[in-house]
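K.L.:
This is upload_8.txt (compact mmCIF, C-alpha atoms and all ligand atoms).
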```
# COMPACT_ATOMS: atom_id res chain seq x y z
CA MET A 1 26.87 173.29 42.60
CA ARG A 2 24.67 175.46 40.41
CA ILE A 3 26.08 178.93 39.74
CA LEU A 4 24.12 181.77 38.13
CA THR A 5 24.81 185.36 37.23
CA GLY A 6 23.63 187.90 34.67
CA ILE A 7 24.72 191.14 33.09
CA GLN A 8 22.38 193.74 31.65
CA SER A 9 22.71 194.80 28.04
CA SER A 10 22.44 198.43 29.08
CA GLY A 11 25.86 199.33 27.65
CA LYS A 12 29.27 197.89 26.87
CA PRO A 13 30.78 195.36 29.29
CA HIS A 14 33.23 197.26 31.49
CA LEU A 15 36.05 196.76 33.94
CA GLY A 16 33.59 196.63 36.88
CA ASN A 17 31.50 193.89 35.28
CA ILE A 18 34.62 191.98 34.31
CA LEU A 19 36.38 192.02 37.68
CA GLY A 20 33.18 192.00 39.75
CA ALA A 21 31.23 189.32 37.92
CA ILE A 22 32.60 187.87 34.67
CA MET A 23 36.02 186.64 35.82
CA PRO A 24 34.86 185.24 39.20
CA ALA A 25 31.86 183.53 37.57
CA ILE A 26 34.01 181.88 34.92
CA GLU A 27 36.50 180.79 37.57
CA LEU A 28 33.66 179.08 39.49
CA SER A 29 32.27 177.50 36.32
CA LYS A 30 35.56 175.69 35.75
CA LYS A 31 35.49 173.80 39.06
CA PRO A 32 34.55 170.15 38.63
CA GLY A 33 30.97 169.46 39.66
CA ASN A 34 29.85 173.04 39.03
CA GLU A 35 27.49 174.08 36.27
CA SER A 36 26.96 177.72 35.46
CA PHE A 37 24.05 179.70 34.13
CA LEU A 38 25.41 182.93 32.68
CA PHE A 39 22.87 185.10 30.97
CA ILE A 40 22.23 188.46 29.42
CA ALA A 41 19.66 190.32 31.47
CA ASP A 42 18.05 192.11 28.57
CA LEU A 43 14.64 192.39 30.25
CA HIS A 44 16.33 194.26 33.10
CA THR A 45 17.91 196.51 30.49
CA LEU A 46 14.50 198.01 29.69
CA THR A 47 14.56 199.85 33.02
CA SER A 48 17.19 202.18 31.56
CA LEU A 49 17.29 201.64 27.77
CA ARG A 50 14.52 200.88 25.31
CA ASP A 51 16.18 201.20 21.91
CA GLY A 52 16.07 197.74 20.29
CA GLU A 53 19.06 198.26 17.97
CA GLN A 54 21.15 199.50 20.84
CA ILE A 55 20.09 196.60 23.07
CA ARG A 56 20.95 194.14 20.32
CA ALA A 57 24.42 195.67 19.87
CA ASN A 58 25.06 195.67 23.63
CA THR A 59 23.84 192.08 23.91
CA LEU A 60 26.41 191.01 21.33
CA SER A 61 29.25 192.74 23.11
CA ILE A 62 28.28 191.38 26.55
CA ALA A 63 28.05 187.88 25.08
CA ALA A 64 31.43 188.36 23.35
CA ALA A 65 32.92 189.41 26.69
CA TRP A 66 31.75 186.18 28.41
CA LEU A 67 33.23 184.17 25.58
CA ALA A 68 36.45 186.23 25.48
CA PHE A 69 37.13 185.29 29.09
CA GLY A 70 36.77 181.60 28.25
CA PHE A 71 33.22 180.62 29.19
CA ASP A 72 32.60 177.03 28.12
CA THR A 73 29.11 177.09 26.63
CA GLU A 74 28.98 173.35 26.07
CA LYS A 75 29.41 172.38 29.68
CA ASN A 76 27.32 175.31 30.92
CA TYR A 77 24.25 177.40 30.06
CA PHE A 78 24.41 180.65 28.09
CA TYR A 79 21.23 182.54 27.18
CA ARG A 80 19.25 185.75 26.81
CA GLN A 81 16.65 186.35 29.48
CA SER A 82 14.26 187.82 26.88
CA LYS A 83 14.11 184.50 25.01
CA LEU A 84 12.63 182.94 28.16
CA ALA A 85 10.65 186.04 29.09
CA SER A 86 7.38 184.26 29.78
CA PHE A 87 9.02 182.03 32.42
CA HIS A 88 10.94 184.83 34.11
CA THR A 89 8.01 187.23 34.24
CA GLU A 90 5.49 184.68 35.44
CA ILE A 91 7.66 183.68 38.39
CA MET A 92 8.26 187.35 39.01
CA TRP A 93 4.53 187.91 39.44
CA TYR A 94 4.25 185.18 42.08
CA LEU A 95 7.21 186.66 43.92
CA ASN A 96 5.77 190.19 43.62
CA CYS A 97 2.77 189.03 45.58
CA VAL A 98 4.85 187.84 48.56
CA THR A 99 7.23 190.83 48.58
CA PRO A 100 6.57 193.58 51.13
CA TYR A 101 6.52 197.02 49.52
CA PRO A 102 8.91 198.57 52.11
CA MET A 103 11.58 195.99 51.26
CA LEU A 104 11.74 197.33 47.70
CA ALA A 105 11.44 200.94 48.82
CA ASN A 106 14.57 200.48 50.96
CA ALA A 107 16.78 199.01 48.23
CA HIS A 108 20.06 200.97 47.99
CA SER A 109 20.37 200.36 44.28
CA PHE A 110 16.90 201.79 43.64
CA LYS A 111 17.62 204.84 45.77
CA ASP A 112 20.97 205.44 44.05
CA LYS A 113 19.70 204.96 40.54
CA SER A 114 16.40 206.76 40.95
CA THR A 115 18.16 209.93 42.11
CA GLN A 116 20.33 209.88 38.98
CA MET A 117 17.57 209.25 36.45
CA ALA A 118 15.20 211.78 34.94
CA ASN A 119 12.26 209.37 34.70
CA VAL A 120 11.92 206.66 37.29
CA ASN A 121 9.82 203.75 36.02
CA ALA A 122 8.12 201.00 38.00
CA GLY A 123 10.46 198.46 36.39
CA LEU A 124 13.36 200.02 38.22
CA PHE A 125 11.43 199.67 41.46
CA THR A 126 10.56 196.00 40.98
CA TYR A 127 13.97 195.15 39.51
CA PRO A 128 15.01 193.03 42.53
CA VAL A 129 11.90 190.86 42.09
CA LEU A 130 12.74 190.07 38.47
CA GLN A 131 16.29 189.37 39.58
CA ALA A 132 14.99 186.97 42.25
CA ALA A 133 12.90 185.25 39.58
CA ASP A 134 15.99 184.87 37.35
CA ILE A 135 17.71 183.06 40.19
CA VAL A 136 15.00 180.77 41.60
CA LEU A 137 13.80 179.75 38.14
CA TYR A 138 16.95 177.67 37.66
CA ASP A 139 17.40 176.46 41.27
CA ALA A 140 20.66 178.41 41.46
CA GLU A 141 22.71 177.96 44.63
CA LEU A 142 25.59 180.40 44.29
CA ILE A 143 25.45 183.88 42.76
CA PRO A 144 28.80 185.52 41.96
CA VAL A 145 28.17 189.28 41.90
CA GLY A 146 29.83 192.57 42.66
CA LYS A 147 29.40 194.17 46.07
CA ASP A 148 26.67 196.49 44.78
CA GLN A 149 24.40 193.44 44.42
CA ARG A 150 24.73 192.09 47.96
CA GLN A 151 21.40 193.50 49.10
CA HIS A 152 19.55 192.18 46.05
CA ILE A 153 20.68 188.64 46.80
CA GLU A 154 19.55 189.07 50.42
CA MET A 155 16.14 190.08 49.06
CA THR A 156 16.04 187.02 46.83
CA ARG A 157 16.68 184.85 49.89
CA ASP A 158 13.86 186.60 51.73
CA MET A 159 11.41 186.20 48.86
CA ALA A 160 12.24 182.55 48.25
CA GLY A 161 12.04 181.78 51.98
CA THR A 162 8.69 183.57 52.36
CA PHE A 163 7.32 181.70 49.37
CA ASN A 164 8.47 178.34 50.70
CA ARG A 165 6.89 179.02 54.10
CA MET A 166 3.64 180.02 52.44
CA ALA A 167 3.66 176.88 50.28
CA GLU A 168 4.79 174.77 53.26
CA LYS A 169 7.18 173.12 50.84
CA ASP A 170 10.71 173.72 49.55
CA ILE A 171 9.65 175.03 46.17
CA PHE A 172 12.66 177.29 45.73
CA VAL A 173 16.32 176.78 46.49
CA ILE A 174 17.65 179.57 48.77
CA PRO A 175 20.70 180.99 47.00
CA GLU A 176 23.86 182.49 48.41
CA ALA A 177 25.89 185.41 47.11
CA SER A 178 29.54 184.87 46.27
CA ILE A 179 31.28 188.21 46.54
CA ASN A 180 35.00 188.60 46.07
CA GLU A 181 35.77 190.88 49.01
CA SER A 182 39.10 191.94 47.56
CA VAL A 183 37.30 193.45 44.58
CA MET A 184 35.68 196.63 45.78
CA THR A 185 32.87 198.37 44.00
CA ILE A 186 35.00 199.63 41.17
CA PRO A 187 34.88 203.37 40.64
CA GLY A 188 34.17 204.86 37.24
CA ILE A 189 36.06 207.77 35.67
CA ASP A 190 34.09 210.25 37.81
CA GLY A 191 34.54 208.34 41.08
CA ASN A 192 30.93 207.06 41.26
CA LYS A 193 30.30 203.31 40.91
CA MET A 194 31.42 202.30 37.42
CA SER A 195 28.12 201.67 35.61
CA LYS A 196 26.96 201.13 32.10
CA SER A 197 23.99 203.37 32.68
CA LEU A 198 26.07 206.21 34.13
CA ASN A 199 28.36 206.15 31.12
CA ASN A 200 31.40 206.57 33.36
CA TYR A 201 33.04 203.30 32.46
CA ILE A 202 36.28 201.96 31.07
CA ASP A 203 35.81 199.65 28.13
CA ILE A 204 38.87 197.40 28.11
CA PHE A 205 38.03 196.16 24.61
CA LEU A 206 38.52 199.52 22.88
CA PRO A 207 41.30 199.95 20.32
CA GLU A 208 44.54 201.02 22.03
CA LYS A 209 44.29 204.73 21.27
CA ASP A 210 40.63 205.02 22.24
CA LEU A 211 41.32 203.16 25.46
CA LEU A 212 44.04 205.67 26.30
CA LYS A 213 41.65 208.54 25.57
CA GLN A 214 39.12 207.01 27.95
CA ILE A 215 41.74 206.49 30.66
CA LYS A 216 42.85 210.12 30.30
CA LYS A 217 39.33 211.19 31.27
CA ILE A 218 39.66 209.64 34.74
CA GLU A 219 39.23 212.47 37.22
CA SER A 220 42.14 213.49 39.45
CA ASP A 221 42.82 216.37 41.83
CA SER A 222 44.97 219.39 41.03
CA THR A 223 48.12 218.49 43.00
CA PRO A 224 51.06 219.90 40.98
CA LEU A 225 53.31 217.44 39.16
CA GLU A 226 56.29 217.90 41.48
CA ASP A 227 54.31 217.39 44.74
CA PRO A 228 53.71 214.06 46.53
CA LYS A 229 50.24 212.60 45.92
CA ASN A 230 47.91 210.46 47.97
CA PRO A 231 47.49 207.17 46.06
CA ASP A 232 44.53 206.03 48.14
CA ALA A 233 42.47 209.06 47.18
CA ASP A 234 43.11 208.66 43.45
CA ILE A 235 40.88 206.78 41.02
CA THR A 236 43.70 205.92 38.59
CA PHE A 237 45.68 204.32 41.41
CA LYS A 238 42.64 202.36 42.61
CA LEU A 239 42.09 200.92 39.15
CA TYR A 240 45.80 200.17 38.71
CA GLN A 241 45.89 198.31 42.01
CA LEU A 242 43.06 196.02 40.89
CA ILE A 243 45.04 194.39 38.13
CA ALA A 244 48.66 195.00 39.13
CA THR A 245 50.85 192.52 41.01
CA PRO A 246 51.63 193.46 44.64
CA GLU A 247 55.15 194.52 43.54
CA GLN A 248 53.81 196.75 40.78
CA THR A 249 51.33 198.29 43.21
CA ALA A 250 54.05 198.97 45.79
CA GLU A 251 56.21 200.62 43.15
CA MET A 252 53.32 202.78 41.95
CA ARG A 253 52.55 203.79 45.53
CA GLU A 254 56.15 204.97 45.93
CA ASN A 255 55.92 206.97 42.71
CA TYR A 256 52.86 208.79 44.05
CA LEU A 257 54.41 209.48 47.45
CA ALA A 258 57.77 210.63 46.07
CA GLY A 259 56.42 213.52 43.98
CA GLY A 260 57.61 214.39 40.46
CA TYR A 261 55.30 211.68 39.14
CA GLY A 262 52.15 213.08 37.55
CA TYR A 263 48.68 211.67 37.10
CA GLY A 264 49.42 211.61 33.36
CA HIS A 265 52.29 209.21 33.99
CA ALA A 266 50.08 207.00 36.13
CA LYS A 267 47.44 206.91 33.41
CA GLN A 268 49.98 205.86 30.80
CA ALA A 269 51.10 203.09 33.15
CA LEU A 270 47.49 201.97 33.70
CA HIS A 271 46.96 201.86 29.94
CA GLY A 272 50.06 199.72 29.42
CA LEU A 273 49.10 197.37 32.21
CA MET A 274 45.56 196.91 30.87
CA LEU A 275 46.81 196.08 27.38
CA GLU A 276 49.13 193.49 28.86
CA TYR A 277 46.73 192.01 31.43
CA PHE A 278 43.80 191.74 29.00
CA LYS A 279 45.80 190.87 25.88
CA GLU A 280 44.22 187.48 25.25
CA ALA A 281 40.70 188.58 26.17
CA ARG A 282 40.96 191.58 23.82
CA GLU A 283 41.97 189.35 20.93
CA LYS A 284 39.20 186.84 21.57
CA PHE A 285 36.66 189.63 21.99
CA ASP A 286 37.51 190.99 18.53
CA TYR A 287 37.26 187.51 17.09
CA TYR A 288 33.73 187.00 18.43
CA MET A 289 32.61 190.50 17.51
CA ASN A 290 33.67 189.73 13.94
CA ASN A 291 31.67 186.49 14.05
CA PRO A 292 28.28 187.51 15.46
CA LYS A 293 26.65 184.41 13.95
CA LEU A 294 28.79 182.25 16.17
CA ILE A 295 27.57 184.15 19.23
CA GLU A 296 23.95 183.87 18.08
CA GLU A 297 24.35 180.14 17.57
CA LYS A 298 25.79 179.57 21.03
CA LEU A 299 22.98 181.58 22.60
CA GLU A 300 20.29 179.69 20.70
CA ILE A 301 21.71 176.35 21.83
CA GLY A 302 21.78 177.61 25.44
CA GLU A 303 18.21 178.87 25.24
CA LYS A 304 16.97 175.46 24.14
CA LYS A 305 18.94 173.83 26.95
CA VAL A 306 17.54 175.99 29.77
CA GLU A 307 13.91 175.92 28.73
CA PRO A 308 12.97 172.52 30.24
CA ILE A 309 14.60 173.54 33.54
CA ALA A 310 12.55 176.75 33.66
CA ALA A 311 9.39 174.86 32.69
CA ALA A 312 9.88 172.33 35.50
CA THR A 313 10.24 175.05 38.15
CA LEU A 314 7.20 176.86 36.88
CA ALA A 315 5.13 173.67 36.99
CA ARG A 316 6.14 173.23 40.65
CA VAL A 317 5.10 176.80 41.45
CA ARG A 318 1.77 176.65 39.62
CA GLU A 319 0.90 173.51 41.51
CA VAL A 320 1.00 175.53 44.76
CA PHE A 321 -1.92 177.66 43.51
CA LYS A 322 -3.67 174.80 41.75
CA PHE A 323 -3.22 176.75 38.47
P1 LIG A 401 23.71 199.30 35.00
O1 LIG A 401 24.34 200.66 35.14
O2 LIG A 401 22.80 199.22 33.82
O3 LIG A 401 23.10 198.80 36.29
P2 LIG A 401 26.09 197.91 35.62
O4 LIG A 401 27.30 198.48 35.01
O5 LIG A 401 25.80 198.21 37.05
O6 LIG A 401 24.89 198.33 34.67
P3 LIG A 401 24.99 195.28 35.80
O7 LIG A 401 24.57 194.59 34.56
O8 LIG A 401 23.95 195.94 36.64
O9 LIG A 401 26.13 196.34 35.40
O10 LIG A 401 25.81 194.30 36.73
C1 LIG A 401 26.40 193.10 36.24
C2 LIG A 401 27.37 192.57 37.27
O11 LIG A 401 28.52 193.42 37.34
C3 LIG A 401 26.83 192.50 38.71
O12 LIG A 401 27.29 191.31 39.29
C4 LIG A 401 27.42 193.68 39.40
O13 LIG A 401 27.59 193.47 40.77
C5 LIG A 401 28.78 193.79 38.69
N1 LIG A 401 29.22 195.18 38.70
C6 LIG A 401 28.64 196.22 38.06
N2 LIG A 401 29.29 197.35 38.30
C7 LIG A 401 30.33 197.04 39.11
C8 LIG A 401 31.38 197.80 39.72
N3 LIG A 401 31.49 199.10 39.53
N4 LIG A 401 32.27 197.13 40.51
C9 LIG A 401 32.18 195.79 40.71
N5 LIG A 401 31.20 195.02 40.18
C10 LIG A 401 30.28 195.63 39.39
MG MG A 402 23.88 197.62 37.88
```
Write out the structure in this file as structure tokens.
Ligand code: ATP
Ligand code: MG
P.N.:
Amino acid sequence: MRILTGIQSSGKPHLGNILGAIMPAIELSKKPGNESFLFIADLHTLTSLRDGEQIRANTLSIAAAWLAFGFDTEKNYFYRQSKLASFHTEIMWYLNCVTPYPMLANAHSFKDKSTQMANVNAGLFTYPVLQAADIVLYDAELIPVGKDQRQHIEMTRDMAGTFNRMAEKDIFVIPEASINESVMTIPGIDGNKMSKSLNNYIDIFLPEKDLLKQIKKIESDSTPLEDPKNPDADITFKLYQLIATPEQTAEMRENYLAGGYGYGHAKQALHGLMLEYFKEAREKFDYYMNNPKLIEEKLEIGEKKVEPIAAATLARVREVFKF
């Protein structure tokens, strides 16, 4: 089975990306018979960030995060979208021309993001079409993503299906989303969806003290220390629950309900748990960040490997129009 997923280089890789996409995608890539295309969506990044130095730095840290969680780049495919930009954007154009305008206008992600941004560009609007191109270009079958991406994958299916009907031929594979239902859309420190572009994220790779500082910024209500607290309404508890064992979660729930246990205590506990749970990934991340050449090398090899696959799909598509 062919698996594909991407992460934008719009900021540092965060807990939401890791639990929503990176860990599930790597899990799938390890199954015998699967091959995975994991890429850095640096063309998508331009919808929110256009500073080259910043994009380069983010690209390195996203790539280091994939590697830190054990992605096998020899068996699989690892690349930057920008290095294959001509393929991605050409397919995007063909898809643009079979995509109804109202479908894009109704995208939740566009509506959410456009209300939070000062300048809304057309790239943000056509984002789902580029994403569809990323997927069909490599005949991907299964797309592990976070819940926030469910609608985009539905749109990809629509676009690919419409194109195939128009061509009267199965030009594109119709992909399916793989969404881990137990992983919700992970909230950021302000309670909105944790997002790189909203800068409300938890960066699990920070040095210990800085990580604690970030965790301390998680918003909480003003229930006094001695009073019982509602765990299910609290962001710190929600994040704790995501990585804790069921026993640890039950114990934390009791602490909240009993009173005398403050949000500060819960944050310390979350910090300790993160350091423990991500110990190996944190070490590997630092190793790769100190060896950027190694990352670059792996990406370059991947980019050479995917090119003929992209070229073959494009040839099939051009043939439809006699181009
Ligand atoms: P941006 O703010 O620039 O959109 P992002 O933080 O939303 O960045 P993306 O690169 O858009 O990250 O998404 C990469 C992957 O991470 C997607 O599969 C997406 O579903 C998943 N993801 C992103 N944020 C979350 C979240 N808060 N909870 C769970 N999964 C998430
Ligand atoms: Mg996003």
K.L.:
May I ask you to write as a PyMOL selection string all residues lying at most 12 Å from ligand MG 402 (chain A), with all atoms listed in the file counted?
P.N.:
chain A and resi 6-11+13-14+16-17+20-21+41+44-45+47-48+108-110+112-113+124+127-128+131+145-150+152+185-186+193-199
K.L.:
From the list A:Ile3, A:Met184, A:Leu239, A:Val320, which residue is nearest ligand LIG 401 (chain A) when using only C-alpha atoms and all ligand atoms?
P.N.:
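Smallest separation from ligand LIG 401 (chain A) among the options: A:Met184.
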K.L.:
Would you tabulate, counting all atoms listed in the file, all residues of stretch 158-229 of chain A that have an atom at most 9 Å from an atom of stretch 274-294 of chain A, showing the closest pair of atoms and their distance in Å to one decimal, sorted by chain then ascending number, as CSV?
P.N.:
```
residue,atom,partner,partner_atom,distance
A:Ile204,CA,A:Met274,CA,7.3
A:Phe205,CA,A:Arg282,CA,5.5
A:Leu206,CA,A:Arg282,CA,8.4
A:Glu208,CA,A:Leu275,CA,7.6
```
K.L.:
From the set A:Ile174, A:Val306, A:Ile179, A:Leu67, which residue has the shortest atom-to-atom contact distance to ligand LIG 401 (chain A), counting all atoms listed in the file?
P.N.:
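Going through A:Ile174, A:Val306, A:Ile179, A:Leu67 one by one, the smallest distance to ligand LIG 401 (chain A) is for A:Ile179.
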K.L.:
What lies within 12 Å of A:Leu104 using all atoms listed in the file, ignoring chain neighbours under 6 positions off, as a ChimeraX atom specification?
P.N.:
/A:96,98,110-111,122-130,151-152,154-156,158-159
K.L.:
In Å, how far is it from atom CA of A:Ile295 to atom CA of A:Phe71?
P.N.:
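Atom-to-atom, atom CA of A:Ile295 to atom CA of A:Phe71, that is 12.0 Å.
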K.L.:
May I ask which of the residues A:Glu35, A:Glu181, A:Asp72, A:Asp139 is the closest one to ligand LIG 401 (chain A), counting all atoms listed in the file?
P.N.:
A:Glu181
K.L.:
Could you work out how far atom CA of A:Pro102 lies from atom CA of A:Phe39, giving the answer in Å with one decimal?
P.N.:
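Pair atom CA of A:Phe39 / atom CA of A:Pro102 returns 28.7 Å.
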K.L.:
Here is a test: counting all atoms listed in the file, which residue of A:Tyr263, A:Phe323, A:Phe172, A:Phe69 is nearest to A:Ile235?
P.N.:
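Nearest to A:Ile235: A:Tyr263.
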K.L.:
Work out how far atom CA of A:Ser36 is from atom CA of A:Glu303, in Å to one decimal.
P.N.:
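So the two atoms, atom CA of A:Glu303 and atom CA of A:Ser36, lie 13.5 Å apart.
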K.L.:
From the list A:Ile243, A:Ile202, A:Val183, A:Ala160, which residue is nearest ligand LIG 401 (chain A) when using all atoms listed in the file?
P.N.:
A:Val183
K.L.:
Which is closest to A:Gly260 among A:Ser86, A:Asn106, A:Asn164, A:Thr223, if we use all atoms listed in the file?
P.N.:
A:Thr223
K.L.:
Determine, counting all atoms listed in the file, which protein, DNA and RNA residues have an atom within 12 Å of an atom of A:Ala269; residues of the same chain fewer than 4 positions away are not included. Present the result as a ChimeraX atom specification.
P.N.:
/A:212,215-216,236-237,239-241,243-244,248-249,251-252,255,261-265,273-276
K.L.:
Around (24.8, 178.4, 32.5), as given in the file, which residues come within 9 Å? Count only C-alpha atoms and list them as a PyMOL selection string.
P.N.:
chain A and resi 2-5+29+35-39+73+75-79+302+306
